[in-house]
Every structure is written in C-alpha cells, then in structure tokens.
Amino acid sequence: MKKVNTILVIILFVMAGCTGCKQSGVESNDFITVDVTADYPKKELVLQDFLDVEYIPLESSDEFITAGYVQAIGKNILLVRNTNQAGGGNIFFFDRNGKGLRKINRRGQSGEEYINITGLITLDESNGEMFVHCGVSRDVLVYDLSGNFKRSFKYMDRADKSGRFKYIYYDPVYSFDRDHLIVQDFFSGRDFSGTEEGNRDMESRNIFWIISKRDGSVTREIKIPFEKKIFQVVFSASGGVGMVENPGLIPYRDGCILVEPSADTIYRYSADHNMTPFIVRTPSVQSMNPEVFLFPGVITERYCFMQTIKKEYDKTESRGYMPRTDLVYDRQEKKIFKYTVYNDDFTNERPIKNLVDAILKLTVVNNEEIAFMEKIEADELVEAYEKGQLKGRLKEIAAQLNEDSNPVIMLAKYRKQ
C-alpha cells in the first residue's frame, strides 16, 4: 500500500515501574526526578537489546484493504481502521497472525450508529465488547465483536466554578477492569475559547475519571493536586496554534500512569486505586515562563524513556509544533541521555522516531504484554528488501509483499521476567 504517512513510527507513551532515577542520574527508591532544563549527552540504542520484537503482516485482499491505523491489540485480535475520510467507517478485525477475520461498518445517523470515529476504539475482550467513540455526537456506542449494537451512553457534562456549562471530551479511553473504563478529559487545559486569557479562566477541574462500562456514570474522580491549571495551547503572532498532543493517560499492565501537565508529579495508578508518585520534575512547571512539560515514555527494566515539550510556537514547523526533546534514563549507567533507537532488523541503521504530528493521535496499546507498536508501510519494506537492507523474519515477510500490500505491524514486547 502507498504510504499514507512516511514511516509511521510511534514510540508509545506507555510506562512501566522502575525503582526510579534522579536528576543527573542519582537513584531514588521512591520516584524519578528529572531536570527538564538540563542539557544531556546523546546515546544510541538498539531496540532488540531491551525489547522482544514481533511482526504481523496484515492480510491483503479485496475485502481487507486498510491504511492500518491500529486501534487496539488484544490477546487474540487486532482492531484496525482507516481515517474517517478514506475509510467510510470500516472497522477491520485481524487475528494475532494478521489474518483478516471480518469487517464491520456501523456508520450512519441512527441512534445505533456512529457519525464518525474519534480517538481510539476501546477493546474489551473479556466482555466481548468494543467501545466506539463519536466526538461529534458525544456518544460512546457499544458493540459486540460481531458489530451488533448493544447500548450507548453520552459523555459526562460538568459546570465550571463560575457555573458556566462545559462538557468533557473523552480521549484517550481504556478498559480499567471488568466493569469500568478510565478516561481522560482531553479539553482540560486545551479548551479553545479564542484567547489564552479566556482559557486560563476555565475551571480547575480534574482530568481523569473512572466510569461505568454499562451506562457511563462516574464511579470515581481521580484528583491530582496542582496550584493552577496551565494552558497547553500556544498562539503565534500570525494566528497559528500549537498544542500539546501527548496523552496524559498511559496504560501500563495492571494500572495506568497519570500525567496532569499542571502538576509537578506524575503518578502511577494501580488496579486497586492506589496512587503513588512515579516521576517528579524540576523546576516546578508553575514557576516557568515559558513552561516545559514532561511526559513519560516506554519504561523497561533498564531504560526509562520520556519527552519534554516547551510551550513555544515553533516557527520552523508549518503546523506549529512545540519544541520537543526525547530523553532516556539508563539505570545501569545512572545517567540521562538524549537518544536514538535503531531497529536491528534493518541493516542501514533505521531509527525509530517519535512521530510529532498534530493530526495523528499517538496510539497507546492497552495490553500488558506490549510496550509499543509501529506501523511499517509495505512500500518502505519492499524498497528496503530490494536494496538488501533487511534481516531475519522481517526480510521473509517483505519478500511476500508488493507496494500495495497492507502495512506490517511491529510489536515491541516486554521481556518476561
């Protein structure tokens, strides 16, 4: 298949527990401390040295032609879709070997259909359900895994401290336990009312909620303390807009990592609702102008990945990205580095990059086995194969592809202890 985006590579912002690292590489037994203003040396890493890699070639046929936007990865199935514009509402089911199982489409205007799909589809294999989010109608529509409608519920609504009515927009949404979802209010800190001053006047509402899978009712509000809400959108003098896109709700195995950008502490939230500090950033985000935000990255037994984002409009980028720096803490060396990670199945040192694109959401895998995933376009693999730049299983897969084939999904998996 032709490239929809060039080398769609996503290091997912998914945390695992490590005992921690302190600023400049001094360890703490309780949490990680990171100086977001420091300048760190560079380090090169090889992906296969710290994660196991699996490749899934998505079956290509007349029925299963897809851009390969992975929505969820379960124990037995992958949910994949196209964009709303190109895909017409199609949701594809593949097994874990990439074989096409079925395609459904419930796009429409009735109460049992979605106008479009926003955010990621939430998979609940244990209950045999999937939750499709339609931001246009502010509905969550629940289907069984054959596409049969079961029920729906609305996003919650809240009023701010001044009594003004505001609604909450769910993104991302993940399965928390058998009966509940955990959701992030995407508009908290990113609410557009035309001016930064107006947005700063928004209520200091909390950002994370646990809701019922049955009817969407709120069962728990997760409160993270902060002094004042910090606006995560920046305007340029010419009217351009830059916005922090990184998710603050990050699934990890039996719980989640929670990032409230207005707070100095990033927390780990366990399945039993216990919240403990995981990362503390310095200096305080409340004291900075412009602010520098910190978001965690993939964490393995040795490496703690993270990213800083400076709240400035980057004039070098036509779409107004904010300047970003990718960091990794090496627990053996007890140091923090800027990093590049290479995929060793390419002989030409192909780097894995954080995708910075405001129109494409970061794909976070709600799966205890998987650290992150990457979509590799077929035409890239065909070209690399013809140049002799592939090895091992990836080379075998590429030999069977043509440039119009569906993408190959790479899973980077935690190593079993």
# chains A, B, ... in the order shown; residues from 1 in each chain; ligands from 1
>>> residues_around(residues="Asp314 (chain A)", least_positions_apart="6", cutoff="10 Å", atoms="only C-alpha atoms", output="PyMOL selection string")
chain A and resi 234+236+240-242+320-324
>>> write_last_selection(atoms="N, CA and C atoms", output="PDB file, in the first residue's frame")
ATOM      1  N   VAL A 234      -0.627  27.245  22.556  1.00  0.00           N
ATOM      2  CA  VAL A 234       0.099  28.489  22.375  1.00  0.00           C
ATOM      3  C   VAL A 234      -0.278  29.090  21.021  1.00  0.00           C
ATOM      4  N   SER A 236       0.569  31.920  17.925  1.00  0.00           N
ATOM      5  CA  SER A 236       1.621  32.742  17.327  1.00  0.00           C
ATOM      6  C   SER A 236       1.061  34.112  16.995  1.00  0.00           C
ATOM      7  N   GLY A 240      -1.293  31.403  14.251  1.00  0.00           N
ATOM      8  CA  GLY A 240      -1.088  29.968  14.296  1.00  0.00           C
ATOM      9  C   GLY A 240      -1.291  29.424  15.696  1.00  0.00           C
ATOM     10  N   VAL A 241      -1.553  28.138  15.787  1.00  0.00           N
ATOM     11  CA  VAL A 241      -1.819  27.496  17.066  1.00  0.00           C
ATOM     12  C   VAL A 241      -0.961  26.248  17.198  1.00  0.00           C
ATOM     13  N   GLY A 242      -0.317  26.099  18.334  1.00  0.00           N
ATOM     14  CA  GLY A 242       0.384  24.865  18.670  1.00  0.00           C
ATOM     15  C   GLY A 242      -0.216  24.285  19.932  1.00  0.00           C
ATOM     16  N   GLY A 320       2.949  24.391  13.525  1.00  0.00           N
ATOM     17  CA  GLY A 320       3.032  24.950  14.862  1.00  0.00           C
ATOM     18  C   GLY A 320       3.321  23.970  15.970  1.00  0.00           C
ATOM     19  N   TYR A 321       4.196  23.011  15.741  1.00  0.00           N
ATOM     20  CA  TYR A 321       4.584  22.122  16.818  1.00  0.00           C
ATOM     21  C   TYR A 321       5.326  22.896  17.904  1.00  0.00           C
ATOM     22  N   MET A 322       5.326  22.342  19.097  1.00  0.00           N
ATOM     23  CA  MET A 322       6.156  22.875  20.157  1.00  0.00           C
ATOM     24  C   MET A 322       7.483  22.124  20.171  1.00  0.00           C
ATOM     25  N   PRO A 323       8.579  22.794  20.502  1.00  0.00           N
ATOM     26  CA  PRO A 323       9.884  22.112  20.529  1.00  0.00           C
ATOM     27  C   PRO A 323       9.888  20.966  21.532  1.00  0.00           C
ATOM     28  N   ARG A 324      10.434  19.824  21.116  1.00  0.00           N
ATOM     29  CA  ARG A 324      10.431  18.616  21.927  1.00  0.00           C
ATOM     30  C   ARG A 324      11.838  18.060  22.049  1.00  0.00           C
TER      31      ARG A 324
END
>>> select_by_dssp(residues="region 85-199 of chain A", states="alpha helix (DSSP H)", output="ChimeraX atom specification")
/A:85-87,196-199
>>> closest_residue(among="A:Glu54, A:Glu380, A:Glu59, A:Glu301", to="Arg415 (chain A)", atoms="only C-alpha atoms")
A:Glu301
>>> residues_around(residues="region 138-151 of chain A", least_positions_apart="4", cutoff="8 Å", atoms="only C-alpha atoms", output="list in words")
Ile104, Asn105, Arg106, Glu112, Glu113, Tyr114, Gly128, Glu129, Met130, Phe131, Val132, His133, Cys134, Tyr155 and Tyr169 of chain A
>>> write_last_selection(atoms="C-alpha atoms", output="PDB file, in the first residue's frame")
ATOM      1  CA  ILE A 104     -17.904  -4.215  10.018  1.00  0.00           C
ATOM      2  CA  ASN A 105     -19.343  -0.782   9.341  1.00  0.00           C
ATOM      3  CA  ARG A 106     -21.927   0.911  11.566  1.00  0.00           C
ATOM      4  CA  GLU A 112     -27.231   2.703  16.927  1.00  0.00           C
ATOM      5  CA  GLU A 113     -24.594   4.115  14.551  1.00  0.00           C
ATOM      6  CA  TYR A 114     -21.573   6.404  14.749  1.00  0.00           C
ATOM      7  CA  GLY A 128     -16.735  -9.455  24.153  1.00  0.00           C
ATOM      8  CA  GLU A 129     -17.347  -5.749  23.523  1.00  0.00           C
ATOM      9  CA  MET A 130     -15.828  -2.710  21.877  1.00  0.00           C
ATOM     10  CA  PHE A 131     -16.493   0.946  22.654  1.00  0.00           C
ATOM     11  CA  VAL A 132     -16.578   3.288  19.654  1.00  0.00           C
ATOM     12  CA  HIS A 133     -16.219   6.986  20.469  1.00  0.00           C
ATOM     13  CA  CYS A 134     -18.054   9.579  18.394  1.00  0.00           C
ATOM     14  CA  TYR A 155     -20.083  11.801  27.633  1.00  0.00           C
ATOM     15  CA  TYR A 169     -14.271  15.193  25.812  1.00  0.00           C
TER      16      TYR A 169
END
>>> closest_residue(among="A:Tyr40, A:Phe31, A:Arg253, A:Met243", to="Ile336 (chain A)", atoms="only C-alpha atoms")
A:Tyr40
>>> select_by_dssp(residues="region 114-159 of chain A", states="strand (DSSP E or B)", output="list of chain:residue names")
A:Tyr114, A:Thr122, A:Leu123, A:Asp124, A:Glu129, A:Met130, A:Phe131, A:Val132, A:His133, A:Cys134, A:Asp139, A:Val140, A:Leu141, A:Val142, A:Tyr143, A:Asp144, A:Phe149, A:Lys150, A:Arg151, A:Ser152, A:Phe153, A:Lys154, A:Asp157, A:Arg158, A:Ala159
>>> residues_around(residues="region 88-98 of chain A", least_positions_apart="5", cutoff="10 Å", atoms="only C-alpha atoms", output="mmCIF file with C-alpha atoms, in the first residue's frame")
data_model
loop_
_atom_site.group_PDB
_atom_site.id
_atom_site.type_symbol
_atom_site.label_atom_id
_atom_site.label_comp_id
_atom_site.auth_asym_id
_atom_site.auth_seq_id
_atom_site.Cartn_x
_atom_site.Cartn_y
_atom_site.Cartn_z
ATOM 1 C CA GLU A 54 7.196 -9.442 16.661
ATOM 2 C CA TYR A 55 5.982 -8.600 13.141
ATOM 3 C CA ILE A 56 2.387 -9.039 11.977
ATOM 4 C CA PRO A 57 1.767 -8.683 8.223
ATOM 5 C CA LEU A 58 -1.874 -7.674 7.788
ATOM 6 C CA GLU A 59 -3.574 -9.845 5.177
ATOM 7 C CA SER A 60 -4.197 -8.027 1.903
ATOM 8 C CA GLU A 63 -12.144 -7.173 1.473
ATOM 9 C CA PHE A 64 -9.228 -6.244 3.724
ATOM 10 C CA ILE A 65 -7.615 -3.136 2.298
ATOM 11 C CA THR A 66 -6.724 -0.777 5.105
ATOM 12 C CA GLY A 68 -3.639 0.136 9.101
ATOM 13 C CA TYR A 69 -4.449 2.547 11.920
ATOM 14 C CA VAL A 70 -4.320 0.097 14.818
ATOM 15 C CA GLN A 71 -6.981 0.852 17.434
ATOM 16 C CA ILE A 73 -4.433 -5.131 20.349
ATOM 17 C CA GLY A 74 -5.940 -7.910 22.417
ATOM 18 C CA LYS A 75 -4.793 -11.404 23.216
ATOM 19 C CA ASN A 76 -6.489 -12.782 20.123
ATOM 20 C CA ILE A 77 -7.416 -9.895 17.816
ATOM 21 C CA LEU A 78 -6.268 -6.578 16.385
ATOM 22 C CA LEU A 79 -8.758 -3.799 15.680
ATOM 23 C CA VAL A 80 -7.744 -1.647 12.711
ATOM 24 C CA ARG A 81 -9.445 1.175 10.832
ATOM 25 C CA ASN A 82 -8.880 3.824 8.196
ATOM 26 C CA THR A 83 -9.353 7.547 8.589
ATOM 27 C CA LYS A 103 -15.026 -6.186 8.528
ATOM 28 C CA ILE A 104 -17.904 -4.215 10.018
ATOM 29 C CA ASN A 105 -19.343 -0.782 9.341
ATOM 30 C CA ARG A 106 -21.927 0.911 11.566
ATOM 31 C CA ARG A 107 -21.519 4.422 10.237
ATOM 32 C CA GLY A 108 -24.759 6.365 9.929
ATOM 33 C CA GLU A 113 -24.594 4.115 14.551
ATOM 34 C CA TYR A 114 -21.573 6.404 14.749
ATOM 35 C CA ILE A 115 -21.307 9.557 12.652
ATOM 36 C CA ASN A 116 -17.551 9.140 12.708
ATOM 37 C CA ILE A 117 -14.913 7.611 14.958
ATOM 38 C CA ILE A 121 -11.704 2.214 19.760
ATOM 39 C CA LEU A 145 -17.270 -8.210 18.456
ATOM 40 C CA SER A 146 -19.523 -9.103 15.520
ATOM 41 C CA GLY A 147 -20.678 -5.493 15.186
ATOM 42 C CA VAL A 408 3.131 -4.621 8.653
ATOM 43 C CA ILE A 409 2.583 -4.077 12.369
#
>>> closest_residue(among="A:Ile309, A:Ala237, A:Leu258, A:Ile230", to="Phe208 (chain A)", atoms="only C-alpha atoms")
A:Leu258
>>> atom_distance(atom1="CA of Thr300 (chain A)", atom2="CA of Thr347 (chain A)")
24.4 Å
>>> atom_distance(atom1="CA of Gly189 (chain A)", atom2="CA of Met306 (chain A)")
20.6 Å
>>> decode(residues="region 235-269 of chain A", atoms="N, CA and C atoms", output="compact mmCIF listing (two decimals), in the first residue's frame")
# COMPACT_ATOMS: atom_id res chain seq x y z
N PHE A 235 -0.42 30.42 20.97
CA PHE A 235 -0.80 31.12 19.76
C PHE A 235 0.39 31.92 19.24
N SER A 236 0.57 31.92 17.92
CA SER A 236 1.62 32.74 17.33
C SER A 236 1.06 34.11 17.00
N ALA A 237 1.95 35.06 16.72
CA ALA A 237 1.53 36.41 16.38
C ALA A 237 0.71 36.43 15.11
N SER A 238 0.94 35.47 14.22
CA SER A 238 0.23 35.41 12.94
C SER A 238 -1.07 34.63 13.03
N GLY A 239 -1.40 34.16 14.23
CA GLY A 239 -2.65 33.42 14.39
C GLY A 239 -2.52 31.92 14.37
N GLY A 240 -1.29 31.40 14.25
CA GLY A 240 -1.09 29.97 14.30
C GLY A 240 -1.29 29.42 15.70
N VAL A 241 -1.55 28.14 15.79
CA VAL A 241 -1.82 27.50 17.07
C VAL A 241 -0.96 26.25 17.20
N GLY A 242 -0.32 26.10 18.33
CA GLY A 242 0.38 24.86 18.67
C GLY A 242 -0.22 24.28 19.93
N MET A 243 -0.28 22.96 20.03
CA MET A 243 -0.95 22.33 21.16
C MET A 243 -0.21 21.07 21.57
N VAL A 244 -0.16 20.81 22.87
CA VAL A 244 0.40 19.57 23.38
C VAL A 244 -0.54 18.43 23.02
N GLU A 245 -0.05 17.45 22.28
CA GLU A 245 -0.87 16.32 21.86
C GLU A 245 -0.64 15.07 22.70
N ASN A 246 0.42 15.03 23.48
CA ASN A 246 0.76 13.82 24.21
C ASN A 246 -0.36 13.41 25.16
N PRO A 247 -0.71 12.13 25.18
CA PRO A 247 -1.73 11.67 26.12
C PRO A 247 -1.22 11.71 27.55
N GLY A 248 -2.11 12.07 28.47
CA GLY A 248 -1.76 12.07 29.88
C GLY A 248 -2.18 10.80 30.59
N LEU A 249 -3.00 10.00 29.93
CA LEU A 249 -3.47 8.73 30.46
C LEU A 249 -2.74 7.62 29.72
N ILE A 250 -1.89 6.88 30.45
CA ILE A 250 -0.98 5.94 29.82
C ILE A 250 -1.15 4.56 30.44
N PRO A 251 -1.78 3.61 29.75
CA PRO A 251 -1.99 2.29 30.35
C PRO A 251 -0.67 1.56 30.55
N TYR A 252 -0.56 0.89 31.67
CA TYR A 252 0.59 0.02 31.89
C TYR A 252 0.17 -1.20 32.71
N ARG A 253 0.16 -2.33 32.05
CA ARG A 253 -0.09 -3.62 32.67
C ARG A 253 -1.35 -3.58 33.53
N ASP A 254 -1.25 -3.65 34.85
CA ASP A 254 -2.45 -3.72 35.69
C ASP A 254 -2.93 -2.36 36.16
N GLY A 255 -2.42 -1.29 35.59
CA GLY A 255 -2.84 0.04 36.00
C GLY A 255 -2.53 1.07 34.95
N CYS A 256 -2.29 2.30 35.39
CA CYS A 256 -2.05 3.40 34.46
C CYS A 256 -1.02 4.36 35.05
N ILE A 257 -0.41 5.15 34.17
CA ILE A 257 0.37 6.31 34.57
C ILE A 257 -0.48 7.54 34.26
N LEU A 258 -0.51 8.49 35.19
CA LEU A 258 -1.35 9.67 35.05
C LEU A 258 -0.48 10.92 35.02
N VAL A 259 -0.65 11.73 33.95
CA VAL A 259 0.10 12.96 33.79
C VAL A 259 -0.87 14.13 33.73
N GLU A 260 -0.88 14.94 34.77
CA GLU A 260 -1.57 16.23 34.76
C GLU A 260 -0.49 17.27 34.50
N PRO A 261 -0.46 17.88 33.30
CA PRO A 261 0.64 18.79 32.96
C PRO A 261 0.77 20.00 33.88
N SER A 262 -0.27 20.32 34.63
CA SER A 262 -0.22 21.44 35.57
C SER A 262 0.42 21.07 36.90
N ALA A 263 0.73 19.77 37.09
CA ALA A 263 1.32 19.30 38.34
C ALA A 263 2.79 18.95 38.12
N ASP A 264 3.55 18.90 39.20
CA ASP A 264 4.97 18.56 39.12
C ASP A 264 5.25 17.08 39.32
N THR A 265 4.22 16.34 39.73
CA THR A 265 4.39 14.91 39.98
C THR A 265 3.56 14.09 39.00
N ILE A 266 4.17 13.07 38.43
CA ILE A 266 3.49 12.09 37.59
C ILE A 266 3.27 10.85 38.46
N TYR A 267 2.05 10.31 38.42
CA TYR A 267 1.67 9.25 39.33
C TYR A 267 1.45 7.92 38.62
N ARG A 268 1.69 6.86 39.38
CA ARG A 268 1.29 5.52 38.95
C ARG A 268 0.01 5.17 39.68
N TYR A 269 -1.01 4.74 38.94
CA TYR A 269 -2.32 4.43 39.49
C TYR A 269 -2.59 2.95 39.30
